[in-house]
Amino acid sequence: MSFWRQDEKLIKFIGLIFKGIWKTITFVRLALANLIFLVLIAVVYLAFTYSGDGLPVVEKESALVMNLSGPIVEQRRYVNPLDSVAGSMLGNELPKENVLFDVVDTIRHAKDDPKVSGLVLALRDLPETNLTKLRYIAKALNEFKSSGKPIYAVGDIYNQSQYYLASYADKVYLAPDGGVLIKGYSSYSMYYKTLLEKLDVSTHVFRVGTYKSAIEPFIRDDMSDAAKESATRWITQLWSAYVDDVANNRDINAKVLNPTMDELLAEMKSVDGDIAQLAVKLGLVDELATRQQIRGLFAKEFGSDGKDSYNAIGYYDYLATIRPNFNVANDDIAVVVASGTIMDGQQPRGTIGGDTVASLLRQARNDDKVKAVVLRVDSPGGSAFASEVIRNEVEAIKAAGKPVVVSMSSLAASGGYWISMSADKIVAQPTTLTGSIGIFSVITTFEKGFSKLGINTDGVGTSPFSGEGITTGLSEGASQAFQLGIEHGYKRFISLVGENRGMKLDQVDDIAQGRVWTGQDAQSFGLVDQMGDFDDAVKLAAELANVTDYNIYWVEEPLSPSEQFIQELMNQVKVSLGIDATSLLPKSLQPVAKQLEADASMLQSFNDPKGYYAFCLNCQMQ
């Protein structure tokens, strides 16, 4: 029997060997098949993207057509490959994003490119964009004009942002049946108090700050007087900046852009309701022209392509021709972008992960070539805990002897200001929205609705908090405990502001309370150091580090080759198919759908471990 057992063991052992060999062969076979499949996709993709030999080139002197499509962003977000595929199949939107710095650098490159004979702003697919970003692009447009090359703007219907950039052109063309739609700035939110009451959802709100209005949609059906007071101030300042810039560019009276309703109706009656003619009469555009007429005019200006059009190259094709400019300098100014809602932990691009951004800052701190750091902030805030994780890393960089300069973009409010306040210097634009120094917590419970459905919760616990939860509600004691924690968080917030900005606690409290300020106001209160854009922040960082010859080093979490490939592939699919979920709805419902989507997205981003948030909801403009 022992021999049989030994033989049986031997047979099993040999079987395991063959089984292992077969699994290895199967793995290799599948791996090779998948690799070949990906290579084939890559070949098709590259053939689709570059239908020629090598990278695109500007073959002859042409106009650069700025046919921007999609939003202007600080940093292109990473689209998860599986989400991309699922999104494409289900019809969800996968937006094409344009990095602000790519747009500006491209215009600057074109300024000195002998192959670029002029600029055509064809912005029909550019959505509404914050004024601060538009001003940075406008700066590049003015630099381009200094070369003596012309800038023309063409459009069918100009939205407000499109027209702002068009106003920098030497000549603005409009379609005869088109128009210029300038409606001003506003700050509106949807309010859910009555809806939540009808659904028997209990909303428990804990906050500090008279003007901390982020939670108002959950506890009110309208905007509070304090929130209206705060919003009116910054909206008025931003609109004044828009009007002044456009009026100066077009050499028209600012009142043209600020008519009363009676004045507007009188002007429309004078042109028999033709808003295209009204735009000409008011000096908003120079000439009405069809697309055919424009092509003929530009063929004379830039040369004919022999195909009923003019010599031109689009922005995306031209961007692909620009080779990286390698500098031999030994020193680096590191740039870390913090764009989006601040969330706890590791997060993908498009949001600010506390651990993610802290890791990038730490990478810059430990790099001997990096002599200074610019933290580019574009955020309405979010998790208080994650904000502090990032701020601690800013402090560590300073302790390592490297200066830190914060460059505020469109928005650096609440948690966005929290991560900024410890920098050596803070640079903002007059149209930046910042401040909103306050803190809150929102907890929704469903005990009332469940009770009506016949669902009840009961049991025992070992401590006062054991029975608190979404199905049982909050006791008076638990509510007081949460409020005390929020008040402590607020005191910590304003104490840190005071320590870092050299201000007394009562001074900070006077300008805090959740109130939103423009960069211009923030400077007068001592919350920021100087007005300036990203270029100014980089120069200031170099001065503080005492370096004159340096590279700009963008510290980013790298994508793997497969992630990069799939992301670009899905972008191509989206552009080719024109996928947009909201486009399936009637146009009248699309703004409401987008607002609901934005509010739901905001709630999903609330993941602070203690439930404390420094977030500015009313900083979003319409």
# chains A, B, ... in the order shown; residues from 1 in each chain; ligands from 1
$ closest_atom_pairs --of "range 176-201 of chain A" --to "range 452-457 of chain A" --cutoff "12 Å" --atoms "only C-alpha atoms" --output "CSV"
residue,atom,partner,partner_atom,distance
A:Lys198,CA,A:Lys452,CA,11.9
A:Leu199,CA,A:Lys452,CA,10.4
A:Asp200,CA,A:Lys452,CA,8.8
A:Val201,CA,A:Lys452,CA,11.5
$ closest_residue --among "A:Ala478, A:Val442, A:Val389, A:Val256" --to "Phe218 in chain A" --atoms "only C-alpha atoms"
A:Val442
$ closest_residue --among "A:Tyr185, A:Phe615, A:Phe440, A:Phe206" --to "Thr236 in chain A" --atoms "only C-alpha atoms"
A:Tyr185
$ closest_atom_pairs --of "range 432-487 of chain A" --to "range 415-420 of chain A" --cutoff "9 Å" --atoms "only C-alpha atoms" --output "tab-separated table"
residue	atom	partner	partner_atom	distance
A:Thr434	CA	A:Tyr417	CA	6.5
A:Gly435	CA	A:Tyr417	CA	6.2
A:Ser436	CA	A:Tyr417	CA	8.0
A:Ile437	CA	A:Tyr417	CA	7.6
A:Gly438	CA	A:Gly415	CA	8.8
A:Ile439	CA	A:Gly415	CA	8.9
$ write_last_selection --atoms "C-alpha atoms" --output "short mmCIF file (atom, residue, chain, number, x, y, z; two decimals), in the first residue's frame"
data_model
loop_
_atom_site.label_atom_id
_atom_site.label_comp_id
_atom_site.auth_asym_id
_atom_site.auth_seq_id
_atom_site.Cartn_x
_atom_site.Cartn_y
_atom_site.Cartn_z
CA THR A 434 -10.81 84.14 -2.47
CA GLY A 435 -11.49 84.38 1.26
CA SER A 436 -14.67 82.52 2.32
CA ILE A 437 -12.91 81.74 5.58
CA GLY A 438 -15.38 79.56 7.43
CA ILE A 439 -16.23 75.95 8.16
#
$ residues_around --residues "range 117-126 of chain A" --least-positions-apart "6" --cutoff "6 Å" --atoms "only C-alpha atoms" --output "list in words"
Ser62, Ala63, Leu64, Val65, Met66, Asn67, Leu68, Ser69, Gly70, Lys149, Pro150, Ile151, Tyr152, Ala153, Val154 and Gln162 of chain A
$ write_last_selection --atoms "N, CA, C and O atoms" --output "PDB file, in the first residue's frame"
ATOM      1  N   SER A  62       0.663  80.371 -42.848  1.00  0.00           N
ATOM      2  CA  SER A  62      -0.776  80.200 -42.637  1.00  0.00           C
ATOM      3  C   SER A  62      -1.254  81.017 -41.447  1.00  0.00           C
ATOM      4  O   SER A  62      -0.460  81.449 -40.599  1.00  0.00           O
ATOM      5  N   ALA A  63      -2.571  81.194 -41.399  1.00  0.00           N
ATOM      6  CA  ALA A  63      -3.195  81.788 -40.218  1.00  0.00           C
ATOM      7  C   ALA A  63      -3.421  80.690 -39.190  1.00  0.00           C
ATOM      8  O   ALA A  63      -3.789  79.569 -39.537  1.00  0.00           O
ATOM      9  N   LEU A  64      -3.182  81.000 -37.935  1.00  0.00           N
ATOM     10  CA  LEU A  64      -3.478  80.061 -36.849  1.00  0.00           C
ATOM     11  C   LEU A  64      -4.920  80.290 -36.414  1.00  0.00           C
ATOM     12  O   LEU A  64      -5.285  81.373 -35.957  1.00  0.00           O
ATOM     13  N   VAL A  65      -5.750  79.274 -36.585  1.00  0.00           N
ATOM     14  CA  VAL A  65      -7.164  79.364 -36.233  1.00  0.00           C
ATOM     15  C   VAL A  65      -7.353  78.808 -34.823  1.00  0.00           C
ATOM     16  O   VAL A  65      -7.139  77.615 -34.584  1.00  0.00           O
ATOM     17  N   MET A  66      -7.737  79.663 -33.899  1.00  0.00           N
ATOM     18  CA  MET A  66      -7.950  79.249 -32.512  1.00  0.00           C
ATOM     19  C   MET A  66      -9.364  78.678 -32.384  1.00  0.00           C
ATOM     20  O   MET A  66     -10.281  79.316 -31.880  1.00  0.00           O
ATOM     21  N   ASN A  67      -9.514  77.439 -32.859  1.00  0.00           N
ATOM     22  CA  ASN A  67     -10.813  76.761 -32.840  1.00  0.00           C
ATOM     23  C   ASN A  67     -10.954  75.928 -31.566  1.00  0.00           C
ATOM     24  O   ASN A  67     -11.162  74.710 -31.609  1.00  0.00           O
ATOM     25  N   LEU A  68     -10.841  76.590 -30.440  1.00  0.00           N
ATOM     26  CA  LEU A  68     -10.898  75.906 -29.152  1.00  0.00           C
ATOM     27  C   LEU A  68     -12.265  75.265 -28.939  1.00  0.00           C
ATOM     28  O   LEU A  68     -13.302  75.893 -29.155  1.00  0.00           O
ATOM     29  N   SER A  69     -12.246  74.015 -28.499  1.00  0.00           N
ATOM     30  CA  SER A  69     -13.480  73.276 -28.257  1.00  0.00           C
ATOM     31  C   SER A  69     -13.397  72.654 -26.871  1.00  0.00           C
ATOM     32  O   SER A  69     -12.494  71.882 -26.588  1.00  0.00           O
ATOM     33  N   GLY A  70     -14.339  73.005 -26.002  1.00  0.00           N
ATOM     34  CA  GLY A  70     -14.312  72.468 -24.648  1.00  0.00           C
ATOM     35  C   GLY A  70     -13.800  73.489 -23.650  1.00  0.00           C
ATOM     36  O   GLY A  70     -13.302  74.555 -24.020  1.00  0.00           O
ATOM     37  N   LYS A 149       1.342  91.224 -36.434  1.00  0.00           N
ATOM     38  CA  LYS A 149       0.469  90.286 -37.140  1.00  0.00           C
ATOM     39  C   LYS A 149      -0.991  90.558 -36.743  1.00  0.00           C
ATOM     40  O   LYS A 149      -1.270  90.860 -35.586  1.00  0.00           O
ATOM     41  N   PRO A 150      -1.914  90.419 -37.684  1.00  0.00           N
ATOM     42  CA  PRO A 150      -3.316  90.744 -37.384  1.00  0.00           C
ATOM     43  C   PRO A 150      -4.026  89.643 -36.607  1.00  0.00           C
ATOM     44  O   PRO A 150      -3.654  88.470 -36.670  1.00  0.00           O
ATOM     45  N   ILE A 151      -5.055  90.060 -35.885  1.00  0.00           N
ATOM     46  CA  ILE A 151      -5.962  89.127 -35.210  1.00  0.00           C
ATOM     47  C   ILE A 151      -7.381  89.431 -35.679  1.00  0.00           C
ATOM     48  O   ILE A 151      -7.825  90.584 -35.625  1.00  0.00           O
ATOM     49  N   TYR A 152      -8.072  88.414 -36.147  1.00  0.00           N
ATOM     50  CA  TYR A 152      -9.461  88.556 -36.555  1.00  0.00           C
ATOM     51  C   TYR A 152     -10.322  87.625 -35.713  1.00  0.00           C
ATOM     52  O   TYR A 152      -9.888  86.542 -35.305  1.00  0.00           O
ATOM     53  N   ALA A 153     -11.555  88.044 -35.472  1.00  0.00           N
ATOM     54  CA  ALA A 153     -12.517  87.205 -34.763  1.00  0.00           C
ATOM     55  C   ALA A 153     -13.699  86.952 -35.678  1.00  0.00           C
ATOM     56  O   ALA A 153     -14.202  87.878 -36.328  1.00  0.00           O
ATOM     57  N   VAL A 154     -14.127  85.691 -35.745  1.00  0.00           N
ATOM     58  CA  VAL A 154     -15.292  85.328 -36.550  1.00  0.00           C
ATOM     59  C   VAL A 154     -16.248  84.543 -35.670  1.00  0.00           C
ATOM     60  O   VAL A 154     -15.825  83.766 -34.815  1.00  0.00           O
ATOM     61  N   GLN A 162     -16.714  84.177 -25.249  1.00  0.00           N
ATOM     62  CA  GLN A 162     -16.197  84.239 -26.608  1.00  0.00           C
ATOM     63  C   GLN A 162     -16.029  85.691 -27.049  1.00  0.00           C
ATOM     64  O   GLN A 162     -15.018  86.055 -27.657  1.00  0.00           O
TER      65      GLN A 162
END
$ residues_around --residues "Met421 in chain A" --least-positions-apart "5" --cutoff "12 Å" --atoms "only C-alpha atoms" --output "VMD selection string"
chain A and resid 375 377 387 to 388 390 to 392 394 to 395 404 to 408 412 to 416 426 to 427 434 to 435 437 493 to 503 526 to 529
$ write_last_selection --atoms "N, CA and C atoms" --output "mmCIF file, in the first residue's frame"
data_model
loop_
_atom_site.group_PDB
_atom_site.id
_atom_site.type_symbol
_atom_site.label_atom_id
_atom_site.label_comp_id
_atom_site.auth_asym_id
_atom_site.auth_seq_id
_atom_site.Cartn_x
_atom_site.Cartn_y
_atom_site.Cartn_z
ATOM 1 N N LEU A 375 2.743 77.127 -6.169
ATOM 2 C CA LEU A 375 1.520 76.336 -5.988
ATOM 3 C C LEU A 375 0.388 77.070 -6.688
ATOM 4 N N VAL A 377 -3.318 77.496 -7.508
ATOM 5 C CA VAL A 377 -4.551 77.092 -6.827
ATOM 6 C C VAL A 377 -5.770 77.575 -7.608
ATOM 7 N N SER A 387 -7.098 69.797 3.448
ATOM 8 C CA SER A 387 -6.491 71.126 3.279
ATOM 9 C C SER A 387 -5.301 71.296 4.218
ATOM 10 N N GLU A 388 -5.461 70.813 5.444
ATOM 11 C CA GLU A 388 -4.374 70.929 6.414
ATOM 12 C C GLU A 388 -3.203 70.018 6.051
ATOM 13 N N ILE A 390 -2.189 69.368 3.058
ATOM 14 C CA ILE A 390 -1.454 70.102 2.010
ATOM 15 C C ILE A 390 -0.690 71.274 2.619
ATOM 16 N N ARG A 391 -1.343 72.013 3.528
ATOM 17 C CA ARG A 391 -0.683 73.176 4.138
ATOM 18 C C ARG A 391 0.554 72.758 4.930
ATOM 19 N N ASN A 392 0.481 71.619 5.594
ATOM 20 C CA ASN A 392 1.638 71.127 6.341
ATOM 21 C C ASN A 392 2.829 70.889 5.421
ATOM 22 N N VAL A 394 3.383 72.511 2.622
ATOM 23 C CA VAL A 394 3.888 73.845 2.264
ATOM 24 C C VAL A 394 4.840 74.348 3.345
ATOM 25 N N GLU A 395 4.458 74.135 4.590
ATOM 26 C CA GLU A 395 5.320 74.528 5.710
ATOM 27 C C GLU A 395 6.648 73.768 5.662
ATOM 28 N N VAL A 404 8.020 79.393 -1.220
ATOM 29 C CA VAL A 404 6.772 78.941 -1.847
ATOM 30 C C VAL A 404 5.932 80.162 -2.195
ATOM 31 N N VAL A 405 5.510 80.249 -3.454
ATOM 32 C CA VAL A 405 4.636 81.323 -3.911
ATOM 33 C C VAL A 405 3.341 80.691 -4.396
ATOM 34 N N VAL A 406 2.216 81.201 -3.905
ATOM 35 C CA VAL A 406 0.918 80.727 -4.393
ATOM 36 C C VAL A 406 0.457 81.641 -5.515
ATOM 37 N N SER A 407 0.062 81.035 -6.628
ATOM 38 C CA SER A 407 -0.541 81.754 -7.747
ATOM 39 C C SER A 407 -2.014 81.391 -7.775
ATOM 40 N N MET A 408 -2.865 82.349 -7.405
ATOM 41 C CA MET A 408 -4.305 82.092 -7.391
ATOM 42 C C MET A 408 -4.871 82.295 -8.786
ATOM 43 N N ALA A 412 -9.754 80.664 -5.286
ATOM 44 C CA ALA A 412 -8.923 80.087 -4.217
ATOM 45 C C ALA A 412 -9.597 80.446 -2.901
ATOM 46 N N ALA A 413 -10.783 79.889 -2.719
ATOM 47 C CA ALA A 413 -11.630 80.274 -1.598
ATOM 48 C C ALA A 413 -11.773 79.140 -0.599
ATOM 49 N N SER A 414 -12.053 79.510 0.642
ATOM 50 C CA SER A 414 -12.297 78.564 1.729
ATOM 51 C C SER A 414 -11.110 77.604 1.866
ATOM 52 N N GLY A 415 -11.297 76.308 1.583
ATOM 53 C CA GLY A 415 -10.165 75.390 1.639
ATOM 54 C C GLY A 415 -9.073 75.775 0.661
ATOM 55 N N GLY A 416 -9.462 76.414 -0.448
ATOM 56 C CA GLY A 416 -8.471 76.919 -1.398
ATOM 57 C C GLY A 416 -7.584 77.973 -0.779
ATOM 58 N N ILE A 426 1.607 85.382 -1.682
ATOM 59 C CA ILE A 426 0.389 84.999 -2.385
ATOM 60 C C ILE A 426 0.123 86.032 -3.477
ATOM 61 N N VAL A 427 0.034 85.558 -4.716
ATOM 62 C CA VAL A 427 -0.218 86.422 -5.863
ATOM 63 C C VAL A 427 -1.598 86.082 -6.414
ATOM 64 N N THR A 434 -11.540 84.788 -3.562
ATOM 65 C CA THR A 434 -10.815 84.143 -2.467
ATOM 66 C C THR A 434 -11.511 84.470 -1.150
ATOM 67 N N GLY A 435 -10.853 84.181 -0.038
ATOM 68 C CA GLY A 435 -11.492 84.375 1.264
ATOM 69 C C GLY A 435 -12.406 83.213 1.584
ATOM 70 N N ILE A 437 -13.535 82.399 4.435
ATOM 71 C CA ILE A 437 -12.906 81.741 5.582
ATOM 72 C C ILE A 437 -14.000 81.345 6.572
ATOM 73 N N PHE A 493 -8.915 77.762 11.999
ATOM 74 C CA PHE A 493 -8.765 78.358 10.670
ATOM 75 C C PHE A 493 -8.307 79.810 10.797
ATOM 76 N N ILE A 494 -9.049 80.608 11.560
ATOM 77 C CA ILE A 494 -8.698 82.030 11.624
ATOM 78 C C ILE A 494 -7.396 82.246 12.399
ATOM 79 N N SER A 495 -7.077 81.339 13.344
ATOM 80 C CA SER A 495 -5.800 81.446 14.054
ATOM 81 C C SER A 495 -4.632 81.213 13.103
ATOM 82 N N LEU A 496 -4.763 80.237 12.219
ATOM 83 C CA LEU A 496 -3.709 79.964 11.241
ATOM 84 C C LEU A 496 -3.551 81.124 10.268
ATOM 85 N N VAL A 497 -4.686 81.722 9.877
ATOM 86 C CA VAL A 497 -4.618 82.895 9.002
ATOM 87 C C VAL A 497 -3.867 84.016 9.702
ATOM 88 N N GLY A 498 -4.214 84.249 10.979
ATOM 89 C CA GLY A 498 -3.547 85.310 11.728
ATOM 90 C C GLY A 498 -2.053 85.076 11.858
ATOM 91 N N GLU A 499 -1.657 83.841 12.179
ATOM 92 C CA GLU A 499 -0.239 83.524 12.337
ATOM 93 C C GLU A 499 0.531 83.702 11.033
ATOM 94 N N ASN A 500 -0.063 83.257 9.930
ATOM 95 C CA ASN A 500 0.649 83.280 8.650
ATOM 96 C C ASN A 500 0.597 84.630 7.955
ATOM 97 N N ARG A 501 -0.432 85.414 8.230
ATOM 98 C CA ARG A 501 -0.570 86.711 7.557
ATOM 99 C C ARG A 501 -0.227 87.877 8.474
ATOM 100 N N GLY A 502 0.247 87.577 9.700
ATOM 101 C CA GLY A 502 0.652 88.655 10.598
ATOM 102 C C GLY A 502 -0.504 89.533 11.029
ATOM 103 N N MET A 503 -1.646 88.926 11.327
ATOM 104 C CA MET A 503 -2.842 89.674 11.690
ATOM 105 C C MET A 503 -3.346 89.215 13.057
ATOM 106 N N GLY A 526 -5.083 92.338 3.442
ATOM 107 C CA GLY A 526 -3.886 91.618 3.845
ATOM 108 C C GLY A 526 -3.942 90.119 3.639
ATOM 109 N N LEU A 527 -4.970 89.633 2.942
ATOM 110 C CA LEU A 527 -5.075 88.190 2.701
ATOM 111 C C LEU A 527 -4.163 87.727 1.569
ATOM 112 N N VAL A 528 -3.848 88.613 0.641
ATOM 113 C CA VAL A 528 -2.886 88.303 -0.423
ATOM 114 C C VAL A 528 -1.862 89.429 -0.464
ATOM 115 N N ASP A 529 -0.729 89.164 -1.130
ATOM 116 C CA ASP A 529 0.382 90.123 -1.112
ATOM 117 C C ASP A 529 0.402 91.075 -2.294
#
$ residues_around --residues "Ser339 in chain A" --least-positions-apart "3" --cutoff "9 Å" --atoms "only C-alpha atoms" --output "MDAnalysis selection string"
chainID A and resid 73:75 342 349:352 376:379
$ atom_distance --atom1 "CA of Gly473 in chain A" --atom2 "CA of Glu447 in chain A"
5.9 Å
$ closest_atom_pairs --of "range 132-203 of chain A" --to "range 279-303 of chain A" --cutoff "7 Å" --atoms "only C-alpha atoms" --output "tab-separated table"
residue	atom	partner	partner_atom	distance
A:Lys171	CA	A:Asp286	CA	6.1
A:Val172	CA	A:Val285	CA	5.0
A:Tyr173	CA	A:Glu287	CA	5.1
A:Leu174	CA	A:Leu288	CA	4.9
A:Ala175	CA	A:Ala289	CA	5.3
A:Pro176	CA	A:Leu288	CA	5.2
A:Gly179	CA	A:Ala279	CA	6.8
A:Val180	CA	A:Ala279	CA	6.6
$ write_last_selection --atoms "N, CA, C and O atoms" --output "short mmCIF file (atom, residue, chain, number, x, y, z; two decimals), in the first residue's frame"
data_model
loop_
_atom_site.label_atom_id
_atom_site.label_comp_id
_atom_site.auth_asym_id
_atom_site.auth_seq_id
_atom_site.Cartn_x
_atom_site.Cartn_y
_atom_site.Cartn_z
N LYS A 171 -10.24 93.14 -35.85
CA LYS A 171 -11.53 93.28 -36.52
C LYS A 171 -12.41 92.11 -36.13
O LYS A 171 -11.96 90.95 -36.11
N VAL A 172 -13.68 92.41 -35.81
CA VAL A 172 -14.63 91.40 -35.37
C VAL A 172 -15.72 91.23 -36.41
O VAL A 172 -16.41 92.20 -36.76
N TYR A 173 -15.86 90.00 -36.92
CA TYR A 173 -16.90 89.68 -37.90
C TYR A 173 -18.01 88.90 -37.21
O TYR A 173 -17.78 88.09 -36.32
N LEU A 174 -19.24 89.14 -37.69
CA LEU A 174 -20.42 88.44 -37.16
C LEU A 174 -21.29 87.99 -38.32
O LEU A 174 -21.44 88.71 -39.31
N ALA A 175 -21.88 86.81 -38.20
CA ALA A 175 -22.80 86.31 -39.21
C ALA A 175 -24.02 87.23 -39.30
O ALA A 175 -24.50 87.73 -38.27
N PRO A 176 -24.54 87.47 -40.50
CA PRO A 176 -25.70 88.39 -40.67
C PRO A 176 -26.91 87.98 -39.84
O PRO A 176 -27.72 88.84 -39.47
N GLY A 179 -25.51 87.08 -33.53
CA GLY A 179 -25.72 88.04 -32.46
C GLY A 179 -24.63 87.94 -31.41
O GLY A 179 -23.85 86.99 -31.39
N VAL A 180 -24.59 88.93 -30.54
CA VAL A 180 -23.66 88.95 -29.41
C VAL A 180 -24.51 88.88 -28.15
O VAL A 180 -25.31 89.77 -27.88
#
$ select_by_dssp --residues "range 464-573 of chain A" --states "strand (DSSP E or B)" --output "PyMOL selection string"
chain A and resi 469+473+516-518+530-531+550-554
$ residues_around --residues "Leu131 in chain A" --least-positions-apart "2" --cutoff "8 Å" --atoms "only C-alpha atoms" --output "list of chain:residue names"
A:Thr129, A:Lys133, A:Leu134, A:Arg135, A:Ser161, A:Leu238, A:Tyr242, A:Ser410, A:Thr431
$ atom_distance --atom1 "CA of Asp225 in chain A" --atom2 "CA of Asp608 in chain A"
28.9 Å
$ closest_residue --among "A:Lys504, A:Lys371, A:Ser441, A:Tyr490" --to "Ala545 in chain A" --atoms "only C-alpha atoms"
A:Lys371
$ closest_residue --among "A:Ile397, A:Ala384, A:Ala481, A:Ala226" --to "Leu361 in chain A" --atoms "only C-alpha atoms"
A:Ile397
$ select_by_dssp --residues "range 218-261 of chain A" --states "helix (DSSP H, G or I)" --output "PyMOL selection string"
chain A and resi 218-219+225-250+254-257+261
